[in-house]
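The file run.txt comes next; it holds compact mmCIF, C-alpha atoms.
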```txt
# COMPACT_ATOMS: atom_id res chain seq x y z
CA MET Z 524 36.57 59.47 -250.29
CA LYS Z 525 38.19 57.16 -252.78
CA ASN Z 526 38.93 53.54 -251.97
CA LEU Z 527 42.51 53.10 -250.79
CA LYS Z 528 44.63 50.11 -251.71
CA TRP Z 529 46.12 48.37 -248.69
CA PHE Z 530 49.24 46.20 -248.61
CA PHE Z 531 50.66 44.05 -245.83
CA PRO Z 532 54.38 43.48 -246.49
CA ASP Z 533 56.36 40.91 -244.54
CA THR Z 534 59.85 42.20 -245.41
CA LEU Z 535 61.67 45.51 -245.74
CA SER Z 536 62.50 44.80 -249.38
CA GLU Z 537 58.76 44.83 -250.07
CA VAL Z 538 58.49 48.13 -248.22
CA ASP Z 539 61.07 49.87 -250.41
CA LYS Z 540 59.29 48.68 -253.54
CA LEU Z 541 55.97 50.00 -252.26
CA LEU Z 542 57.59 53.36 -251.47
CA GLU Z 543 59.02 53.53 -254.98
CA ASP Z 544 55.54 52.88 -256.36
CA GLY Z 545 54.09 55.82 -254.42
CA TYR Z 546 52.41 54.10 -251.49
CA LYS Z 547 52.73 55.38 -247.90
CA ALA Z 548 53.48 53.61 -244.65
CA HIS Z 549 50.90 53.06 -241.90
CA GLY Z 550 52.01 52.34 -238.33
CA GLY Z 551 49.98 53.43 -235.33
CA GLY Z 552 47.48 55.38 -237.42
CA THR Z 553 47.34 58.41 -235.10
CA PHE Z 554 48.63 60.87 -237.69
CA LEU Z 555 46.63 60.02 -240.80
CA VAL Z 556 46.20 63.32 -242.62
CA LYS Z 557 44.65 64.41 -245.90
CA THR Z 558 47.89 63.93 -247.84
CA SER Z 559 48.05 60.29 -246.73
CA LEU Z 560 44.42 59.64 -247.57
CA ASN Z 561 45.00 61.07 -251.05
CA ALA Z 562 47.88 58.67 -251.71
CA LYS Z 563 47.62 55.74 -254.09
CA GLY Z 564 47.37 53.50 -251.07
CA LEU Z 565 48.87 52.53 -247.73
CA PHE Z 566 50.94 49.64 -246.47
CA ASP Z 567 50.76 48.32 -242.92
CA LEU Z 568 54.00 47.68 -241.01
CA SER Z 569 52.66 45.41 -238.29
CA ARG Z 570 53.82 42.15 -239.94
CA ILE Z 571 57.50 43.11 -240.07
CA ALA Z 572 58.81 41.59 -236.85
CA GLU Z 573 62.18 43.36 -236.83
CA LEU Z 574 60.45 46.74 -236.52
CA LYS Z 575 59.12 45.68 -233.11
CA GLU Z 576 62.46 44.56 -231.67
CA PHE Z 577 64.45 46.32 -228.96
CA ARG Z 578 67.88 45.56 -227.59
CA GLY Z 579 70.92 47.05 -225.93
CA THR Z 580 74.52 47.10 -227.10
CA ASP Z 581 77.61 48.15 -225.15
CA ASP Z 582 76.92 51.83 -225.83
CA SER Z 583 73.39 52.18 -227.24
CA PHE Z 584 69.74 51.26 -226.91
CA ILE Z 585 68.23 50.23 -230.25
CA LEU Z 586 64.47 50.48 -230.65
CA GLY Z 587 62.42 49.22 -233.58
CA SER Z 588 60.46 51.98 -235.29
CA ALA Z 589 57.09 50.21 -234.94
CA LEU Z 590 57.29 50.11 -231.14
CA SER Z 591 54.62 52.19 -229.43
CA TYR Z 592 55.50 54.93 -226.98
CA THR Z 593 54.33 52.66 -224.15
CA GLU Z 594 56.51 49.74 -225.28
CA ALA Z 595 59.60 51.90 -225.81
CA ALA Z 596 59.19 53.72 -222.49
CA GLY Z 597 58.79 50.43 -220.63
CA PHE Z 598 61.95 48.96 -222.14
CA LEU Z 599 64.07 52.06 -221.51
CA GLU Z 600 62.78 52.50 -217.95
CA SER Z 601 63.61 48.87 -217.13
CA LYS Z 602 67.21 49.41 -218.27
CA LEU Z 603 67.85 52.89 -216.89
CA PRO Z 604 65.18 54.14 -214.45
CA GLY Z 605 64.32 57.83 -214.64
CA ASN Z 606 66.00 58.44 -217.97
CA LEU Z 607 65.15 61.37 -220.23
CA LEU Z 608 63.49 59.36 -223.02
CA SER Z 609 61.22 57.21 -220.89
CA ALA Z 610 60.09 60.29 -218.95
CA ALA Z 611 59.13 62.02 -222.19
CA LEU Z 612 57.41 59.05 -223.81
CA SER Z 613 55.42 58.10 -220.72
CA SER Z 614 54.07 61.65 -220.28
CA ALA Z 615 53.01 62.21 -223.90
CA ALA Z 616 49.32 62.51 -224.83
CA ALA Z 617 46.98 60.07 -223.05
CA CYS Z 618 47.41 56.36 -222.32
CA PRO Z 619 45.27 55.08 -225.25
CA LEU Z 620 47.32 57.21 -227.66
CA ARG Z 621 50.66 56.15 -226.13
CA ASN Z 622 49.59 52.58 -226.85
CA ARG Z 623 49.15 53.45 -230.53
CA ILE Z 624 51.72 56.12 -231.44
CA THR Z 625 54.81 54.52 -232.96
CA LEU Z 626 58.35 55.86 -232.74
CA GLY Z 627 58.94 55.90 -236.49
CA GLY Z 628 55.66 57.55 -237.39
CA SER Z 629 56.05 60.21 -234.72
CA ILE Z 630 59.59 61.07 -235.81
CA TYR Z 631 58.55 61.20 -239.46
CA ALA Z 632 55.57 63.49 -238.78
CA SER Z 633 57.47 65.63 -236.24
CA PRO Z 634 54.64 68.01 -235.26
CA LYS Z 635 55.89 71.00 -233.30
CA TRP Z 636 54.22 69.61 -230.15
CA SER Z 637 56.16 66.33 -230.41
CA ASP Z 638 57.31 64.79 -227.13
CA ILE Z 639 60.00 62.69 -228.78
CA ILE Z 640 61.93 65.07 -231.03
CA GLY Z 641 63.41 67.20 -228.24
CA PRO Z 642 64.81 64.27 -226.23
CA LEU Z 643 66.26 62.68 -229.37
CA PHE Z 644 67.97 65.95 -230.35
CA ALA Z 645 69.35 66.40 -226.83
CA ALA Z 646 70.61 62.80 -226.73
CA GLU Z 647 72.14 63.06 -230.24
CA ALA Z 648 70.23 59.98 -231.32
CA SER Z 649 70.39 58.54 -234.83
CA LEU Z 650 68.12 56.56 -237.14
CA ARG Z 651 68.54 53.63 -239.44
CA LEU Z 652 66.52 53.82 -242.65
CA SER Z 653 65.40 51.00 -244.90
CA SER Z 654 67.20 52.63 -247.84
CA LYS Z 655 70.56 53.38 -246.17
CA VAL Z 656 73.36 51.28 -244.74
CA GLU Z 657 74.72 53.90 -242.33
CA PRO Z 658 72.58 55.60 -239.68
CA VAL Z 659 71.66 59.28 -240.02
CA SER Z 660 71.34 61.72 -237.14
CA VAL Z 661 67.87 62.69 -236.01
CA ALA Z 662 68.85 66.33 -236.58
CA ASP Z 663 69.78 65.64 -240.23
CA TYR Z 664 66.64 63.58 -240.77
CA HIS Z 665 64.48 66.35 -239.34
CA SER Z 666 66.02 69.10 -241.50
CA ASP Z 667 66.45 67.25 -244.82
CA LYS Z 668 63.27 66.43 -246.73
CA LYS Z 669 65.16 64.20 -249.18
CA ILE Z 670 66.38 61.98 -246.34
CA ARG Z 671 62.86 61.71 -244.87
CA GLN Z 672 61.50 60.59 -248.23
CA SER Z 673 64.29 58.12 -248.98
CA GLY Z 674 62.94 55.21 -246.90
CA ILE Z 675 61.10 54.30 -243.73
CA ILE Z 676 62.74 54.47 -240.32
CA THR Z 677 63.61 50.97 -239.14
CA GLU Z 678 65.55 51.65 -235.92
CA VAL Z 679 66.09 54.44 -233.42
CA ILE Z 680 69.62 54.37 -231.94
CA ILE Z 681 70.05 56.14 -228.60
CA PRO Z 682 73.48 56.51 -226.93
CA LYS Z 683 73.22 55.17 -223.38
CA ALA Z 684 75.54 57.86 -222.01
CA ASN Z 685 73.29 60.65 -223.27
CA ILE Z 686 69.88 59.93 -221.74
CA ASP Z 687 70.59 60.73 -218.12
CA GLY Z 688 68.71 63.99 -217.72
CA SER Z 689 65.39 65.78 -217.28
CA TYR Z 690 62.29 66.56 -219.31
CA TYR Z 691 59.56 69.18 -219.09
CA ARG Z 692 56.41 69.77 -221.15
CA PHE Z 693 54.25 72.87 -220.71
CA THR Z 694 50.54 72.08 -221.12
CA GLN Z 695 47.16 73.29 -219.88
CA THR Z 696 46.10 69.73 -219.02
CA HIS Z 697 48.25 66.64 -218.54
CA PHE Z 698 47.14 64.93 -221.76
CA ASP Z 699 47.08 68.06 -223.94
CA TYR Z 700 49.61 68.86 -226.66
CA PRO Z 701 52.51 70.81 -225.13
CA PHE Z 702 53.09 74.47 -226.00
CA PHE Z 703 56.77 73.70 -225.71
CA THR Z 704 59.06 70.99 -224.38
CA ILE Z 705 62.53 71.19 -222.86
CA SER Z 706 64.94 68.26 -222.76
CA ALA Z 707 68.20 68.37 -220.80
CA SER Z 708 70.86 65.70 -221.31
CA ASP Z 709 73.53 65.62 -218.59
CA ARG Z 710 76.96 65.04 -220.15
CA GLY Z 711 78.95 65.41 -216.94
CA GLY Z 712 81.55 68.02 -216.09
CA ASP Z 713 78.87 70.74 -215.80
CA ILE Z 714 77.96 70.30 -219.50
CA LEU Z 715 74.36 69.96 -220.68
CA HIS Z 716 72.80 69.38 -224.08
CA CYS Z 717 69.34 70.96 -224.06
CA CYS Z 718 66.65 71.10 -226.73
CA LEU Z 719 63.70 73.48 -226.79
CA THR Z 720 60.78 72.66 -229.10
CA GLY Z 721 57.61 74.57 -229.98
CA SER Z 722 59.02 77.89 -231.19
CA LYS Z 723 58.46 79.40 -234.64
CA ASP Z 724 62.01 78.35 -235.60
CA GLY Z 725 61.57 74.68 -234.75
CA PRO Z 726 63.80 72.65 -232.39
CA MET Z 727 66.61 74.68 -230.82
CA LEU Z 728 69.66 72.82 -229.49
CA LEU Z 729 71.60 74.52 -226.70
CA THR Z 730 74.92 73.06 -225.58
CA GLY Z 731 77.33 74.33 -222.96
CA ARG Z 732 78.02 74.93 -219.30
CA ARG Z 733 75.17 75.71 -216.96
CA ALA Z 734 76.09 79.36 -216.48
CA ASP Z 735 76.18 79.96 -220.24
CA LEU Z 736 72.87 78.17 -220.80
CA ASN Z 737 71.25 80.25 -218.06
CA LYS Z 738 72.20 83.39 -220.00
CA THR Z 739 70.70 81.88 -223.18
CA SER Z 740 67.35 81.48 -221.45
CA SER Z 741 66.74 85.24 -221.76
CA SER Z 742 67.14 85.28 -225.56
CA LEU Z 743 64.94 82.45 -226.81
CA PRO Z 744 63.22 82.48 -230.23
CA GLU Z 745 59.67 83.72 -230.75
CA PHE Z 746 56.55 81.65 -230.13
CA SER Z 747 53.16 82.00 -231.78
CA ARG Z 748 50.01 82.93 -229.88
CA GLU Z 749 48.24 79.69 -229.08
CA ARG Z 750 45.19 78.48 -227.17
CA GLY Z 751 44.58 81.81 -225.43
CA LEU Z 752 48.22 82.42 -224.45
CA SER Z 753 50.35 85.11 -226.07
CA GLY Z 754 53.62 84.22 -227.77
CA GLU Z 755 55.44 86.52 -225.35
CA TYR Z 756 54.03 84.70 -222.32
CA ILE Z 757 54.96 81.27 -223.74
CA ARG Z 758 58.47 82.48 -224.52
CA ASN Z 759 58.96 83.93 -221.02
CA ARG Z 760 57.62 80.75 -219.46
CA ALA Z 761 60.04 78.69 -221.59
CA GLY Z 762 62.94 80.79 -220.28
CA ILE Z 763 61.88 80.23 -216.66
CA GLU Z 764 61.44 76.48 -217.14
CA LEU Z 765 64.77 76.19 -218.95
CA GLN Z 766 66.55 77.79 -215.99
CA ARG Z 767 64.74 75.48 -213.60
CA LEU Z 768 65.62 72.37 -215.61
CA ILE Z 769 69.25 73.41 -215.88
CA LYS Z 770 69.40 73.61 -212.08
CA LEU Z 771 67.65 70.28 -211.56
CA THR Z 772 69.63 68.23 -214.08
CA GLY Z 773 72.72 66.49 -212.67
CA GLY Z 774 75.67 68.43 -211.27
CA ASN Z 775 75.16 70.41 -208.09
CA ASN Z 776 71.40 70.32 -208.35
CA ASN Z 777 70.89 71.12 -204.71
CA GLY Z 778 72.47 74.54 -205.02
```
Could you spell out this file's structure in structure tokens?
Amino acid sequence: MKNLKWFFPDTLSEVDKLLEDGYKAHGGGTFLVKTSLNAKGLFDLSRIAELKEFRGTDDSFILGSALSYTEAAGFLESKLPGNLLSAALSSAAACPLRNRITLGGSIYASPKWSDIIGPLFAAEASLRLSSKVEPVSVADYHSDKKIRQSGIITEVIIPKANIDGSYYRFTQTHFDYPFFTISASDRGGDILHCCLTGSKDGPMLLTGRRADLNKTSSSLPEFSRERGLSGEYIRNRAGIELQRLIKLTGGNNNG
């Protein structure tokens, strides 16, 4: 393997210049793949203090992109116990990995087994990039390659009103990658915003009243055969778990 050049920027202006020159960002280091190792070099984000900040505004929680899953989950849980995002982040992978995986790197990589993409879709979260003044939605960032390549994520912006809800991940063991995840954001008035991840079609956002979402659970997209389970079984299991989560999330959840 060739020798990689490493850089340690202190400011975001340095980061944008390094991106322009063809270097790639390094955060938690849990998703280093061949394409990264074949780059001209890498730059470490750990010295940029603002990427580790977290705060609340009147209507949002704002998390720095270099925060680990453990750090972000702890902050969110302290502000709003039992919320959708902290439940997802604190159940992802295993503890040593949660201490390393960063928000920004995980959102950028967006593997289909991601534990963060579904909750962010369901909560209609947005991102601030180093190259843009205005935030972009997580949905737009996920679907538009040009946006993903335009700058690093600096902040994750999560509407406070949208993270009351439930989360489910289907795995064979607790610390395994999930076959699928389901996120349900309770918007009040019998309305839910749900996101299903893991299918062949990528994240699927379902919005509406409980009765309508229950009908949708019988017509989910296809899943691939994986780890000894057929795609049909995974799809049927996703439909069952979606119905269960719809019942459990807010509203008349005792009925």
Pick from Z:Thr677, Z:Ser601, Z:Ser660, Z:Ser666 nearest to Glu573 in chain Z, counting only C-alpha atoms = Z:Thr677
Just the residues within 6 Å of range 580-587 of chain Z, please, counting all atoms listed in the file, with nothing from its chain fewer than 4 positions along; format it as a list of chain:residue names.
-> Z:Leu574, Z:Lys575, Z:Glu576, Z:Thr677, Z:Glu678, Z:Val679, Z:Ile680, Z:Ile681, Z:Pro682, Z:Lys683
Might you pull out every residue within 9 Å of Leu743 in chain Z, with only C-alpha atoms counted and same-chain residues fewer than 2 positions away left off, and present them as a list in words?
-> Ser722, Met727, Thr739, Ser740, Ser741, Glu745, Arg758, Asn759, Ala761 and Gly762 of chain Z
In Å, with one decimal, what is the gap from CA of Lys540 in chain Z to CA of Thr625 in chain Z?
-> 21.9 Å
Write out as a list in words each polymer residue whose atoms come within 12 Å of range 532-536 of chain Z, counting only C-alpha atoms; drop sequence neighbours fewer than 5 positions from it.
-> Leu541, Leu542, Glu543, Tyr546, Ala548, His549, Leu565, Phe566, Asp567, Leu568, Ser569, Arg570, Ile571, Ala572, Glu573, Leu574, Leu652, Ser653, Ser654, Lys655, Gly674, Ile675, Ile676 and Thr677 of chain Z
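Between Leu626 in chain Z and the candidates Z:Leu729, Z:Leu590, Z:Val661, Z:Ala646, the tightest atom-to-atom separation, counting all atoms listed in the file, involves Z:Leu590.
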12 Å contact set for Leu768 in chain Z, all atoms listed in the file, chain neighbours under 2 positions out, as a ChimeraX atom specification | /Z:607,688-692,704-709,715-719,733,736-737,740,761-766,770-774,776
d(CA of Ile639 in chain Z, CA of Lys669 in chain Z) in Å | 21.1 Å
Can you tell me, as AutoDock Vina command-line options, the centre and edge lengths (Å, one decimal) of the axis-aligned box enclosing all of range 576-593 of chain Z's listed atoms after padding each side by 6 Å?
```
--center_x 66.0 --center_y 49.7 --center_z -229.7 --size_x 35.3 --size_y 22.4 --size_z 23.1
```
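Distances from Z:Ile757, Z:Ala734, Z:Ala610, Z:Leu603 to Gln695 in chain Z were compared using all atoms listed in the file, and the smallest one belongs to Z:Ile757.
Distance check against Tyr631 in chain Z using all atoms listed in the file: of Z:Pro619, Z:Arg760, Z:Lys602, Z:Leu650, the minimum falls on Z:Leu650.
Distance-wise, CA of Ala596 in chain Z and CA of Tyr664 in chain Z end up 22.1 Å apart.
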For Asp638 in chain Z, which residue among Z:Ile714, Z:Leu599, Z:Leu612, Z:Ala589 is the nearest when counting all atoms listed in the file?
-> Z:Leu612
